[in-house]
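Student: Input structure00.csv, format and content: CSV, C-alpha atoms.
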chain,number,residue,atom,x,y,z
A,401,MET,CA,0.0,0.0,0.0
A,402,PRO,CA,1.5,3.4,-0.9
A,403,ARG,CA,2.4,5.7,1.9
A,404,ARG,CA,0.8,9.0,2.1
A,405,SER,CA,3.0,12.0,2.7
A,406,VAL,CA,2.0,14.1,5.6
A,407,LYS,CA,1.7,17.7,4.6
A,408,SER,CA,2.6,20.5,7.0
A,409,ALA,CA,-0.1,23.0,7.7
A,410,ALA,CA,-0.2,25.8,5.1
A,411,PRO,CA,0.8,29.2,6.3
A,412,SER,CA,-2.2,31.3,7.3
A,413,PRO,CA,-3.4,33.6,4.5
A,414,CYS,CA,-4.2,36.2,7.2
A,415,ALA,CA,-1.2,38.4,8.0
A,416,ILE,CA,-2.0,38.3,11.7
A,417,GLY,CA,-2.5,34.5,11.8
A,418,GLU,CA,1.1,33.6,12.8
A,419,LEU,CA,1.3,36.3,15.4
A,420,LEU,CA,-2.0,35.2,17.0
A,421,GLU,CA,-0.8,31.6,16.9
A,422,VAL,CA,2.2,32.5,19.0
A,423,LEU,CA,0.5,35.0,21.4
A,424,ALA,CA,-2.6,33.0,22.0
A,425,ARG,CA,-0.8,30.1,23.6
A,426,PRO,CA,-1.3,29.7,27.3
A,427,TRP,CA,1.0,31.8,29.5
A,428,THR,CA,2.6,33.6,26.5
A,429,LEU,CA,1.1,37.0,27.2
A,430,HIS,CA,1.7,36.6,30.9
A,431,ILE,CA,5.4,36.1,30.2
A,432,LEU,CA,5.6,39.0,27.8
A,433,TRP,CA,3.7,41.3,30.2
A,434,ALA,CA,6.1,40.4,33.1
A,435,LEU,CA,9.2,41.0,30.9
A,436,SER,CA,7.9,44.3,29.5
A,437,HIS,CA,7.0,45.7,32.9
A,438,GLU,CA,9.7,44.4,35.1
A,439,GLY,CA,12.6,44.5,32.6
A,440,PRO,CA,15.1,41.7,31.9
A,441,MET,CA,15.1,39.0,34.5
A,442,ARG,CA,16.5,35.6,35.2
A,443,PHE,CA,14.5,32.4,34.7
A,444,GLY,CA,13.7,31.8,38.4
A,445,VAL,CA,12.6,35.4,39.0
A,446,LEU,CA,10.4,35.2,35.8
A,447,ARG,CA,8.8,32.0,37.0
A,448,ARG,CA,7.9,33.6,40.3
A,449,GLN,CA,6.4,36.6,38.4
A,450,VAL,CA,4.2,34.3,36.3
A,451,ASP,CA,2.4,32.7,39.2
A,452,GLY,CA,1.4,29.1,38.5
A,453,ILE,CA,3.5,28.3,35.4
A,454,SER,CA,5.7,25.2,35.4
A,455,SER,CA,9.4,25.3,34.6
A,456,ARG,CA,8.8,23.1,31.6
A,457,VAL,CA,6.1,25.3,30.1
A,458,LEU,CA,8.1,28.5,30.8
A,459,THR,CA,11.1,27.0,29.0
A,460,GLU,CA,9.0,26.0,26.0
A,461,ARG,CA,7.4,29.4,25.7
A,462,LEU,CA,10.7,31.3,26.1
A,463,ARG,CA,12.3,29.2,23.4
A,464,THR,CA,9.3,29.9,21.0
A,465,LEU,CA,9.4,33.6,21.8
A,466,GLU,CA,13.1,33.7,21.3
A,467,GLU,CA,12.7,31.9,17.9
A,468,LYS,CA,10.1,34.5,16.8
A,469,GLY,CA,12.3,37.4,17.9
A,470,PHE,CA,10.1,38.7,20.8
A,471,VAL,CA,12.5,37.7,23.6
A,472,PHE,CA,16.3,37.7,23.9
A,473,ARG,CA,18.3,35.3,25.9
A,474,ASP,CA,21.6,36.5,27.4
A,475,TYR,CA,23.9,33.7,28.6
A,476,GLN,CA,26.8,34.5,30.9
A,477,PRO,CA,29.2,31.6,31.4
A,478,THR,CA,29.7,32.3,35.1
A,479,ILE,CA,29.5,29.8,38.0
A,480,PRO,CA,26.6,29.1,38.2
A,481,PRO,CA,25.6,30.2,34.7
A,482,ALA,CA,23.5,33.3,34.5
A,483,VAL,CA,20.7,33.4,31.9
A,484,THR,CA,18.7,36.6,31.6
A,485,TYR,CA,15.6,37.0,29.4
A,486,GLY,CA,14.1,40.3,28.2
A,487,ILE,CA,12.0,41.8,25.4
A,488,THR,CA,13.5,42.7,22.0
A,489,GLU,CA,13.0,46.0,20.1
A,490,ARG,CA,10.4,44.1,18.0
A,491,MET,CA,8.4,43.3,21.1
A,492,LYS,CA,8.4,47.0,22.1
A,493,ASP,CA,5.8,47.5,19.3
A,494,ILE,CA,3.5,45.0,21.0
A,495,GLU,CA,4.1,46.6,24.4
A,496,LYS,CA,1.7,49.4,23.4
A,497,VAL,CA,-1.1,46.9,22.7
A,498,LEU,CA,-0.5,45.2,26.0
A,499,ALA,CA,-0.8,48.5,27.8
A,500,GLN,CA,-4.1,49.1,26.0
A,501,LEU,CA,-5.3,45.6,27.1
A,502,GLU,CA,-4.3,46.4,30.7
A,503,GLY,CA,-6.4,49.6,30.5
A,504,LEU,CA,-9.4,47.7,29.1
A,505,SER,CA,-9.0,45.0,31.8
A,506,ARG,CA,-9.0,47.5,34.6
A,507,LYS,CA,-12.0,49.2,33.1
A,508,TRP,CA,-14.0,46.0,32.8
A,509,HIS,CA,-12.9,44.5,36.1
A,510,GLY,CA,-15.3,46.6,38.2
A,511,GLN,CA,-18.2,46.6,35.7
A,512,PRO,CA,-21.1,44.2,35.9
A,513,GLY,CA,-20.6,41.3,33.5
A,514,GLY,CA,-16.9,41.5,33.9
A,515,THR,CA,-14.6,38.8,35.3
A,516,HIS,CA,-14.0,38.1,38.9
A,517,GLY,CA,-10.8,36.8,40.5
A,518,GLY,CA,-9.3,34.1,38.4
A,519,GLY,CA,-11.2,34.9,35.2
A,520,VAL,CA,-14.4,33.1,36.2
A,521,ALA,CA,-17.4,34.5,34.4
A,522,ALA,CA,-19.8,36.8,36.3
A,523,PRO,CA,-22.9,35.3,38.0
A,524,ALA,CA,-25.6,33.8,35.8
A,525,SER,CA,-27.9,36.0,33.8
A,526,GLU,CA,-31.6,36.3,34.5
A,527,ALA,CA,-32.4,33.9,31.7
A,528,ALA,CA,-30.2,31.2,33.3
A,529,ARG,CA,-31.9,31.8,36.7
A,530,LYS,CA,-35.3,31.3,35.1
A,531,LEU,CA,-34.1,28.1,33.4
A,532,LYS,CA,-32.9,26.7,36.7
A,533,ALA,CA,-36.3,27.6,38.3
A,534,VAL,CA,-38.2,25.8,35.5
A,535,SER,CA,-35.9,22.7,35.8
A,536,LYS,CA,-36.4,22.6,39.6
A,537,HIS,CA,-40.2,22.9,39.1
A,538,GLU,CA,-40.1,20.0,36.6
A,539,ALA,CA,-38.0,17.9,38.9
A,540,GLU,CA,-40.5,18.5,41.8
A,541,ALA,CA,-43.4,17.5,39.5
A,542,VAL,CA,-41.8,14.2,38.6
A,543,THR,CA,-41.2,13.2,42.3
Show this structure as structure tokens.
Tutor:
Amino acid sequence: MPRRSVKSAAPSPCAIGELLEVLARPWTLHILWALSHEGPMRFGVLRRQVDGISSRVLTERLRTLEEKGFVFRDYQPTIPPAVTYGITERMKDIEKVLAQLEGLSRKWHGQPGGTHGGGVAAPASEAARKLKAVSKHEAEAVT
């Protein structure tokens, strides 16, 4: 039986597609935000700044961001070795967008329908409450 060749995914026809593919990955914006606001930092400090990220995921994201030119990696052959990460000039263009997102987040945070705490959606809408009441009534009718 002839083998089929596996084709790699075609590049996105949309100019923003590749950028969104990188930035939309979990933790990526958190990492970029920390580096753009706190300046260059070592791996351990960055991991503490991005609360909840594992070392493995942080390493993967930093490698990807370095490949794409958003983050630089400065290695100093000292004992122990010192590796510092920071944002590149290219990333400084995106910094403006991150600042706008922060402003929007702060604006929405206190408004009804915004997010609470860890990004959990706001309380159920009136329609959802009515649906629960109907379901409860139907359950009582069956028993």
Student: If you measure from CA of Ala434 (chain A) to CA of Leu446 (chain A), what distance in Å do you get, rounded to one decimal?
Tutor: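 A separation of 7.3 Å between them.
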Student: For each of A:Leu429, A:Leu501, A:Leu435, A:Ile453, take the minimum atom-to-atom distance to Phe472 (chain A), counting all atoms listed in the file, then give the residue where this is smallest.
Tutor: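 Checking each of A:Leu429, A:Leu501, A:Leu435, A:Ile453 against Phe472 (chain A), counting all atoms listed in the file, the winner is A:Leu435.
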Student: Suppose you want the space between CA of Glu418 (chain A) and CA of Thr464 (chain A); what is it in Å?
Tutor: 12.2 Å
Student: So how many Å separate CA of Lys507 (chain A) and CA of Pro426 (chain A), to one decimal?
Tutor: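 If I compute the distance from CA of Lys507 (chain A) to CA of Pro426 (chain A), I get 23.0 Å.
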Student: My list of candidates is A:Ile479, A:Met441, A:Val450, A:Leu465. Which is closest to Arg425 (chain A) when distances are computed with all atoms listed in the file?
Tutor: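 Counting all atoms listed in the file, the residue closest to Arg425 (chain A) is A:Leu465.
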Student: Residues at most 12 Å from Ala482 (chain A), counting all atoms listed in the file, excluding those fewer than 5 positions away in the same chain, as a PyMOL selection string?
Tutor: chain A and resi 441-445+473-477
Student: Do you know which residues are at most 12 Å from Val497 (chain A) counting only C-alpha atoms, after dropping those on the same chain fewer than 6 positions away, and could you put them as number ranges by chain?
Tutor: A: 429, 432-433, 436, 491, 503-504
